Amino acid sequence: AAAPETPNILVIMSESWANFESFGTLTFSEPLTEHIDASGALRGTAYASVFGAGTSASEFEFLTGNSMAFLPSGSIPYQQYVTDGSASLARTLAAYGYRCVAFHPGQESSWQRNSAYPKLGFDEFYSEEDIQVPVTTAHGYISDATDYAEVIRLFEEKEPGQPLFLFNVTIQNHGSYTDPDYPATVTVNEAPGLYPKAEQYLTLVNQSDEDFQLLVDFFSSYEEPTLILMFGDHQPSVEEEFLQAVYGLPEDGSMTMEQYMGKYRVPYLVWANYDLPAEQAP
């Protein structure tokens, strides 16, 4: 089937989603993207402007098309450079008849999203206090399973026939990764137990992959054409020794520019409940 002109668009900025398997240096006790791989999504690599933190910078870049490279170092654009009427993807899609909604299952004032989103043209903003599905948490944060259940609810209750752009920022895999009550089930084969923060992170991101199946199952039978784009905002802040091993750095920590850029690699995927072009994304 040909791609529809105005499909629903679900964008998920997945907290700290990184593809450490893609570096080909370390192996893990179980695959981290098994459900995503099976979904048939197109896959690719992007580069974030931040490492380990700074989620709102990646949001700003995605939603506005602007680069942090042109702003002063340490800038927080949501708090400094977003003004009423700022050009954005939401404003562009609204001109095509889309209802534009943002959803972040954390505090509404985090990164001053409650101020920035209306200025970027979103019609509505839902935060943790607006969640209407049963809530579960993982290491203290709203789980991706809850997040996706709320996303599904919003699509179930949307106005039929009006295209929806839903920008969803997840929170489950936010640092830190030191919760003693969230035991790691994914280990680093080369050094099990040596990197507890990384292994807690890997366990969380493995759960995120499993939870992505909830979206695939729902939208596969959803009547309206819907496109999903998911990408990582930045890599996680875990043990420096683990990261050096992942990037394949020598013991002195020196790195080539290509290895330095590896710190900013984040994955993305595109999935739809209609036919996508057969070629893989770059």
# chains A, B, ... in the order shown; residues from 1 in each chain; ligands from 1

$ closest_atom_pairs --of "segment 18-124 of chain A" --to "segment 263-271 of chain A" --cutoff "12 Å" --atoms "only C-alpha atoms" --output "tab-separated table"
residue	atom	partner	partner_atom	distance
A:Ala18	CA	A:Val266	CA	5.2
A:Asn19	CA	A:Pro267	CA	6.2
A:Phe20	CA	A:Val266	CA	9.3
A:Glu21	CA	A:Pro267	CA	10.9
A:Ser22	CA	A:Pro267	CA	9.4
A:Phe23	CA	A:Arg265	CA	10.0
A:Thr33	CA	A:Pro267	CA	11.0
A:Ile36	CA	A:Leu269	CA	8.5
A:Asp37	CA	A:Leu269	CA	9.9
A:Ala38	CA	A:Trp271	CA	11.3
A:Ser39	CA	A:Trp271	CA	7.8
A:Gly40	CA	A:Trp271	CA	7.3
A:Ala41	CA	A:Trp271	CA	4.6
A:Leu42	CA	A:Val270	CA	5.1
A:Arg43	CA	A:Leu269	CA	4.5
A:Gly44	CA	A:Tyr268	CA	5.3
A:Thr45	CA	A:Pro267	CA	4.6
A:Ala46	CA	A:Val266	CA	5.3
A:Tyr47	CA	A:Arg265	CA	4.7
A:Ala48	CA	A:Tyr264	CA	5.2
A:Ser49	CA	A:Tyr264	CA	6.7
A:Val50	CA	A:Tyr264	CA	6.8
A:Phe51	CA	A:Tyr264	CA	6.2
A:Gly52	CA	A:Lys263	CA	9.2
A:Ala53	CA	A:Tyr264	CA	11.3
A:Ser58	CA	A:Val266	CA	10.9

$ write_last_selection --atoms "C-alpha atoms" --output "JSON list (two decimals), in the first residue's frame"
[["chain", "number", "residue", "atom", "x", "y", "z"],
["A", 18, "ALA", "CA", 22.25, 3.44, 22.96],
["A", 19, "ASN", "CA", 23.21, 0.47, 20.80],
["A", 20, "PHE", "CA", 26.37, -0.81, 22.45],
["A", 21, "GLU", "CA", 26.13, -4.05, 20.47],
["A", 22, "SER", "CA", 26.78, -2.09, 17.27],
["A", 23, "PHE", "CA", 30.38, -1.32, 18.31],
["A", 33, "THR", "CA", 17.01, -5.48, 20.54],
["A", 36, "ILE", "CA", 12.85, -4.40, 17.66],
["A", 37, "ASP", "CA", 14.81, -6.61, 15.26],
["A", 38, "ALA", "CA", 11.76, -8.84, 14.76],
["A", 39, "SER", "CA", 9.46, -5.86, 14.15],
["A", 40, "GLY", "CA", 10.85, -5.21, 10.67],
["A", 41, "ALA", "CA", 11.57, -1.57, 11.48],
["A", 42, "LEU", "CA", 14.05, 0.36, 9.39],
["A", 43, "ARG", "CA", 17.14, 1.09, 11.49],
["A", 44, "GLY", "CA", 19.83, 3.73, 11.43],
["A", 45, "THR", "CA", 22.31, 5.76, 13.45],
["A", 46, "ALA", "CA", 22.11, 9.42, 14.42],
["A", 47, "TYR", "CA", 24.45, 11.64, 16.41],
["A", 48, "ALA", "CA", 23.37, 13.54, 19.51],
["A", 49, "SER", "CA", 24.98, 16.77, 20.68],
["A", 50, "VAL", "CA", 25.09, 15.67, 24.32],
["A", 51, "PHE", "CA", 26.50, 12.73, 26.27],
["A", 52, "GLY", "CA", 25.19, 11.22, 29.49],
["A", 53, "ALA", "CA", 22.66, 14.00, 30.18],
["A", 58, "SER", "CA", 18.17, 16.57, 21.87]]

$ closest_atom_pairs --of "segment 162-234 of chain A" --to "segment 81-95 of chain A" --cutoff "12 Å" --atoms "only C-alpha atoms" --output "CSV"
residue,atom,partner,partner_atom,distance
A:Gln162,CA,A:Ala94,CA,10.8
A:Pro163,CA,A:Leu93,CA,9.3
A:Leu164,CA,A:Leu93,CA,9.2
A:Phe165,CA,A:Ala90,CA,7.5
A:Leu166,CA,A:Ala90,CA,9.2
A:Phe167,CA,A:Ala90,CA,8.9

$ write_last_selection --atoms "N, CA and C atoms" --output "PDB file, in the first residue's frame"
ATOM      1  N   GLN A 162      -8.750  12.692  12.433  1.00  0.00           N
ATOM      2  CA  GLN A 162      -7.819  13.820  12.567  1.00  0.00           C
ATOM      3  C   GLN A 162      -6.438  13.271  12.874  1.00  0.00           C
ATOM      4  N   PRO A 163      -5.456  13.548  12.026  1.00  0.00           N
ATOM      5  CA  PRO A 163      -4.119  12.999  12.283  1.00  0.00           C
ATOM      6  C   PRO A 163      -3.527  13.537  13.580  1.00  0.00           C
ATOM      7  N   LEU A 164      -2.870  12.651  14.309  1.00  0.00           N
ATOM      8  CA  LEU A 164      -2.262  12.999  15.597  1.00  0.00           C
ATOM      9  C   LEU A 164      -0.750  12.927  15.495  1.00  0.00           C
ATOM     10  N   PHE A 165      -0.076  13.973  15.929  1.00  0.00           N
ATOM     11  CA  PHE A 165       1.375  13.952  16.138  1.00  0.00           C
ATOM     12  C   PHE A 165       1.595  13.898  17.641  1.00  0.00           C
ATOM     13  N   LEU A 166       2.108  12.781  18.115  1.00  0.00           N
ATOM     14  CA  LEU A 166       2.375  12.608  19.548  1.00  0.00           C
ATOM     15  C   LEU A 166       3.878  12.507  19.753  1.00  0.00           C
ATOM     16  N   PHE A 167       4.424  13.462  20.469  1.00  0.00           N
ATOM     17  CA  PHE A 167       5.849  13.463  20.799  1.00  0.00           C
ATOM     18  C   PHE A 167       5.994  12.969  22.235  1.00  0.00           C
TER      19      PHE A 167
END

$ closest_residue --among "A:Lys119, A:His104, A:His139, A:Arg99" --to "His174 of chain A" --atoms "only C-alpha atoms"
A:His139

$ residues_around --residues "Pro225 of chain A" --least-positions-apart "4" --cutoff "12 Å" --atoms "only C-alpha atoms" --output "PyMOL selection string"
chain A and resi 1-10+155+160-164+219-221+271-276

$ write_last_selection --atoms "N, CA, C and O atoms" --output "tab-separated table (two decimals), in the first residue's frame"
chain	number	residue	atom	x	y	z
A	1	ALA	N	0.84	-1.19	0.00
A	1	ALA	CA	0.00	0.00	0.00
A	1	ALA	C	0.87	1.24	0.00
A	1	ALA	O	1.92	1.28	0.65
A	2	ALA	N	0.45	2.23	-0.74
A	2	ALA	CA	1.21	3.48	-0.80
A	2	ALA	C	1.14	4.20	0.54
A	2	ALA	O	0.16	4.09	1.27
A	3	ALA	N	2.18	4.93	0.85
A	3	ALA	CA	2.20	5.67	2.11
A	3	ALA	C	1.11	6.73	2.10
A	3	ALA	O	0.96	7.46	1.12
A	4	PRO	N	0.35	6.84	3.17
A	4	PRO	CA	-0.70	7.86	3.24
A	4	PRO	C	-0.10	9.25	3.36
A	4	PRO	O	1.05	9.42	3.80
A	5	GLU	N	-0.87	10.26	2.98
A	5	GLU	CA	-0.35	11.63	3.02
A	5	GLU	C	-0.21	12.15	4.44
A	5	GLU	O	0.73	12.86	4.76
A	6	THR	N	-1.17	11.82	5.30
A	6	THR	CA	-1.13	12.34	6.67
A	6	THR	C	-1.35	11.21	7.68
A	6	THR	O	-2.40	11.15	8.35
A	7	PRO	N	-0.38	10.30	7.81
A	7	PRO	CA	-0.51	9.25	8.83
A	7	PRO	C	-0.37	9.87	10.22
A	7	PRO	O	0.21	10.94	10.38
A	8	ASN	N	-0.93	9.21	11.22
A	8	ASN	CA	-0.57	9.57	12.59
A	8	ASN	C	0.93	9.41	12.74
A	8	ASN	O	1.53	8.49	12.16
A	9	ILE	N	1.54	10.27	13.53
A	9	ILE	CA	2.99	10.20	13.75
A	9	ILE	C	3.26	10.12	15.24
A	9	ILE	O	2.89	11.02	16.00
A	10	LEU	N	3.86	9.02	15.65
A	10	LEU	CA	4.29	8.84	17.03
A	10	LEU	C	5.81	8.92	17.07
A	10	LEU	O	6.48	8.08	16.47
A	155	PHE	N	-4.09	7.21	21.75
A	155	PHE	CA	-4.49	6.88	20.38
A	155	PHE	C	-5.88	6.25	20.34
A	155	PHE	O	-6.64	6.49	19.39
A	160	PRO	N	-11.31	10.38	15.65
A	160	PRO	CA	-11.13	9.61	14.41
A	160	PRO	C	-11.00	10.53	13.21
A	160	PRO	O	-11.72	11.52	13.09
A	161	GLY	N	-10.05	10.22	12.36
A	161	GLY	CA	-9.90	10.97	11.13
A	161	GLY	C	-8.99	12.18	11.22
A	161	GLY	O	-8.51	12.67	10.20
A	162	GLN	N	-8.75	12.69	12.43
A	162	GLN	CA	-7.82	13.82	12.57
A	162	GLN	C	-6.44	13.27	12.87
A	162	GLN	O	-6.25	12.58	13.88
A	163	PRO	N	-5.46	13.55	12.03
A	163	PRO	CA	-4.12	13.00	12.28
A	163	PRO	C	-3.53	13.54	13.58
A	163	PRO	O	-3.68	14.72	13.90
A	164	LEU	N	-2.87	12.65	14.31
A	164	LEU	CA	-2.26	13.00	15.60
A	164	LEU	C	-0.75	12.93	15.49
A	164	LEU	O	-0.20	11.93	15.02
A	219	PHE	N	-0.49	-1.24	17.25
A	219	PHE	CA	-0.63	-0.51	16.00
A	219	PHE	C	-0.72	-1.42	14.78
A	219	PHE	O	-1.21	-0.99	13.73
A	220	SER	N	-0.29	-2.67	14.91
A	220	SER	CA	-0.42	-3.60	13.79
A	220	SER	C	-1.89	-3.80	13.42
A	220	SER	O	-2.21	-4.06	12.25
A	221	SER	N	-2.77	-3.69	14.40
A	221	SER	CA	-4.21	-3.86	14.12
A	221	SER	C	-4.99	-2.55	14.27
A	221	SER	O	-6.23	-2.55	14.27
A	271	TRP	N	9.10	2.57	12.04
A	271	TRP	CA	8.16	1.46	11.88
A	271	TRP	C	6.80	2.03	11.49
A	271	TRP	O	6.44	3.13	11.94
A	272	ALA	N	6.06	1.34	10.68
A	272	ALA	CA	4.72	1.79	10.33
A	272	ALA	C	3.80	0.59	10.15
A	272	ALA	O	4.26	-0.54	9.91
A	273	ASN	N	2.51	0.83	10.28
A	273	ASN	CA	1.53	-0.24	10.06
A	273	ASN	C	1.08	-0.25	8.60
A	273	ASN	O	0.00	-0.75	8.28
A	274	TYR	N	1.90	0.33	7.72
A	274	TYR	CA	1.71	0.24	6.29
A	274	TYR	C	3.10	0.03	5.67
A	274	TYR	O	4.11	0.10	6.37
A	275	ASP	N	3.16	-0.21	4.37
A	275	ASP	CA	4.43	-0.55	3.74
A	275	ASP	C	5.39	0.64	3.74
A	275	ASP	O	5.03	1.74	3.31
A	276	LEU	N	6.61	0.38	4.20
A	276	LEU	CA	7.69	1.36	4.13
A	276	LEU	C	8.61	0.99	2.98
A	276	LEU	O	8.60	-0.16	2.51

$ atom_distance --atom1 "atom CA of Gln112 of chain A" --atom2 "atom CA of Thr146 of chain A"
22.7 Å

$ residues_around --residues "Asp209 of chain A" --least-positions-apart "4" --cutoff "9 Å" --atoms "only C-alpha atoms" --output "PDB file with C-alpha atoms, in the first residue's frame"
ATOM      1  CA  LEU A  32      19.215  -6.199  23.567  1.00  0.00           C
ATOM      2  CA  THR A  33      17.015  -5.482  20.538  1.00  0.00           C
ATOM      3  CA  GLU A  34      15.375  -8.844  19.885  1.00  0.00           C
ATOM      4  CA  HIS A  35      11.822  -7.481  19.622  1.00  0.00           C
ATOM      5  CA  ILE A  36      12.852  -4.396  17.659  1.00  0.00           C
ATOM      6  CA  LEU A 204      16.658  -1.651  31.643  1.00  0.00           C
ATOM      7  CA  VAL A 205      17.209  -1.116  27.932  1.00  0.00           C
ATOM      8  CA  GLN A 213       6.394  -5.017  21.333  1.00  0.00           C
TER       9      GLN A 213
END

$ select_by_dssp --residues "segment 53-274 of chain A" --states "alpha helix (DSSP H)" --output "PyMOL selection string"
chain A and resi 55-64+77-80+89-94+113-119+144-156+196-220+240-247+257-262

$ closest_residue --among "A:Phe70, A:Phe28, A:Phe125, A:Tyr260" --to "Glu108 of chain A" --atoms "only C-alpha atoms"
A:Phe125

$ residues_around --residues "Gln132 of chain A" --least-positions-apart "2" --cutoff "10 Å" --atoms "only C-alpha atoms" --output "list of chain:residue names"
A:Glu128, A:Glu129, A:Asp130, A:Pro134, A:Val135, A:Thr146, A:Ala149, A:Glu150, A:Arg153, A:Leu154

$ write_last_selection --atoms "N, CA, C and O atoms" --output "PDB file, in the first residue's frame"
ATOM      1  N   GLU A 128       3.356  13.334  34.275  1.00  0.00           N
ATOM      2  CA  GLU A 128       3.090  12.173  35.116  1.00  0.00           C
ATOM      3  C   GLU A 128       1.746  12.247  35.832  1.00  0.00           C
ATOM      4  O   GLU A 128       1.071  11.225  36.016  1.00  0.00           O
ATOM      5  N   GLU A 129       1.323  13.462  36.226  1.00  0.00           N
ATOM      6  CA  GLU A 129       0.064  13.562  36.968  1.00  0.00           C
ATOM      7  C   GLU A 129      -1.154  13.339  36.082  1.00  0.00           C
ATOM      8  O   GLU A 129      -2.271  13.198  36.585  1.00  0.00           O
ATOM      9  N   ASP A 130      -0.962  13.308  34.762  1.00  0.00           N
ATOM     10  CA  ASP A 130      -2.076  13.113  33.837  1.00  0.00           C
ATOM     11  C   ASP A 130      -2.258  11.661  33.408  1.00  0.00           C
ATOM     12  O   ASP A 130      -3.226  11.341  32.706  1.00  0.00           O
ATOM     13  N   PRO A 134      -2.732   2.178  34.840  1.00  0.00           N
ATOM     14  CA  PRO A 134      -2.003   1.732  36.043  1.00  0.00           C
ATOM     15  C   PRO A 134      -0.501   1.992  35.897  1.00  0.00           C
ATOM     16  O   PRO A 134       0.075   1.756  34.838  1.00  0.00           O
ATOM     17  N   VAL A 135       0.102   2.485  36.969  1.00  0.00           N
ATOM     18  CA  VAL A 135       1.504   2.918  36.918  1.00  0.00           C
ATOM     19  C   VAL A 135       2.421   1.874  37.542  1.00  0.00           C
ATOM     20  O   VAL A 135       2.190   1.404  38.655  1.00  0.00           O
ATOM     21  N   THR A 146       4.354   1.416  31.254  1.00  0.00           N
ATOM     22  CA  THR A 146       3.315   2.381  31.608  1.00  0.00           C
ATOM     23  C   THR A 146       3.251   3.500  30.579  1.00  0.00           C
ATOM     24  O   THR A 146       2.160   3.910  30.142  1.00  0.00           O
ATOM     25  N   ALA A 149       1.571   2.240  27.496  1.00  0.00           N
ATOM     26  CA  ALA A 149       0.140   2.022  27.739  1.00  0.00           C
ATOM     27  C   ALA A 149      -0.623   3.341  27.678  1.00  0.00           C
ATOM     28  O   ALA A 149      -1.747   3.404  27.159  1.00  0.00           O
ATOM     29  N   GLU A 150      -0.014   4.406  28.197  1.00  0.00           N
ATOM     30  CA  GLU A 150      -0.648   5.725  28.139  1.00  0.00           C
ATOM     31  C   GLU A 150      -0.672   6.244  26.698  1.00  0.00           C
ATOM     32  O   GLU A 150      -1.661   6.851  26.257  1.00  0.00           O
ATOM     33  N   ARG A 153      -3.480   4.547  25.051  1.00  0.00           N
ATOM     34  CA  ARG A 153      -4.751   5.152  25.485  1.00  0.00           C
ATOM     35  C   ARG A 153      -5.041   6.427  24.700  1.00  0.00           C
ATOM     36  O   ARG A 153      -6.181   6.664  24.261  1.00  0.00           O
ATOM     37  N   LEU A 154      -4.027   7.263  24.528  1.00  0.00           N
ATOM     38  CA  LEU A 154      -4.218   8.514  23.803  1.00  0.00           C
ATOM     39  C   LEU A 154      -4.629   8.262  22.353  1.00  0.00           C
ATOM     40  O   LEU A 154      -5.439   9.012  21.787  1.00  0.00           O
TER      41      LEU A 154
END

$ atom_distance --atom1 "atom CA of Ala116 of chain A" --atom2 "atom CA of Tyr96 of chain A"
21.5 Å

$ residues_around --residues "Thr187 of chain A" --least-positions-apart "3" --cutoff "6 Å" --atoms "only C-alpha atoms" --output "VMD selection string"
chain A and resid 28 to 29 192 199

$ write_last_selection --atoms "N, CA and C atoms" --output "PDB file, in the first residue's frame"
ATOM      1  N   PHE A  28      26.986  -9.461  25.219  1.00  0.00           N
ATOM      2  CA  PHE A  28      26.124  -9.463  26.387  1.00  0.00           C
ATOM      3  C   PHE A  28      25.373 -10.785  26.506  1.00  0.00           C
ATOM      4  N   SER A  29      24.882 -11.055  27.708  1.00  0.00           N
ATOM      5  CA  SER A  29      24.303 -12.362  28.007  1.00  0.00           C
ATOM      6  C   SER A  29      23.008 -12.637  27.251  1.00  0.00           C
ATOM      7  N   PRO A 192      31.567 -10.311  33.626  1.00  0.00           N
ATOM      8  CA  PRO A 192      30.304 -10.272  34.368  1.00  0.00           C
ATOM      9  C   PRO A 192      30.499  -9.734  35.782  1.00  0.00           C
ATOM     10  N   GLU A 199      25.511  -2.853  33.708  1.00  0.00           N
ATOM     11  CA  GLU A 199      24.637  -4.020  33.636  1.00  0.00           C
ATOM     12  C   GLU A 199      23.214  -3.677  34.061  1.00  0.00           C
TER      13      GLU A 199
END

$ residues_around --residues "Phe242 of chain A" --least-positions-apart "5" --cutoff "10 Å" --atoms "only C-alpha atoms" --output "number ranges by chain"
A: 26, 188, 191, 194-199, 247-248

$ write_last_selection --atoms "C-alpha atoms" --output "short mmCIF file (atom, residue, chain, number, x, y, z; two decimals), in the first residue's frame"
data_model
loop_
_atom_site.label_atom_id
_atom_site.label_comp_id
_atom_site.auth_asym_id
_atom_site.auth_seq_id
_atom_site.Cartn_x
_atom_site.Cartn_y
_atom_site.Cartn_z
CA LEU A 26 31.70 -6.41 23.97
CA VAL A 188 28.74 -8.34 30.10
CA ALA A 191 33.52 -9.26 32.57
CA LEU A 194 32.59 -5.81 36.84
CA TYR A 195 30.37 -2.99 35.58
CA PRO A 196 27.24 -2.97 37.80
CA LYS A 197 25.97 0.39 36.52
CA ALA A 198 26.31 -0.69 32.91
CA GLU A 199 24.64 -4.02 33.64
CA TYR A 247 34.64 2.21 22.21
CA GLY A 248 37.73 0.02 21.92
#

$ select_by_dssp --residues "segment 158-195 of chain A" --states "strand (DSSP E or B)" --output "list in words"
Leu164, Phe165, Leu166, Phe167, Asn168, Val169 and Val188 of chain A

$ write_last_selection --atoms "C-alpha atoms" --output "short mmCIF file (atom, residue, chain, number, x, y, z; two decimals), in the first residue's frame"
data_model
loop_
_atom_site.label_atom_id
_atom_site.label_comp_id
_atom_site.auth_asym_id
_atom_site.auth_seq_id
_atom_site.Cartn_x
_atom_site.Cartn_y
_atom_site.Cartn_z
CA LEU A 164 -2.26 13.00 15.60
CA PHE A 165 1.37 13.95 16.14
CA LEU A 166 2.38 12.61 19.55
CA PHE A 167 5.85 13.46 20.80
CA ASN A 168 6.68 11.13 23.68
CA VAL A 169 9.80 11.42 25.86
CA VAL A 188 28.74 -8.34 30.10
#

$ closest_residue --among "A:Gln172, A:Ala138, A:Leu202, A:Tyr148" --to "Val186 of chain A" --atoms "only C-alpha atoms"
A:Leu202
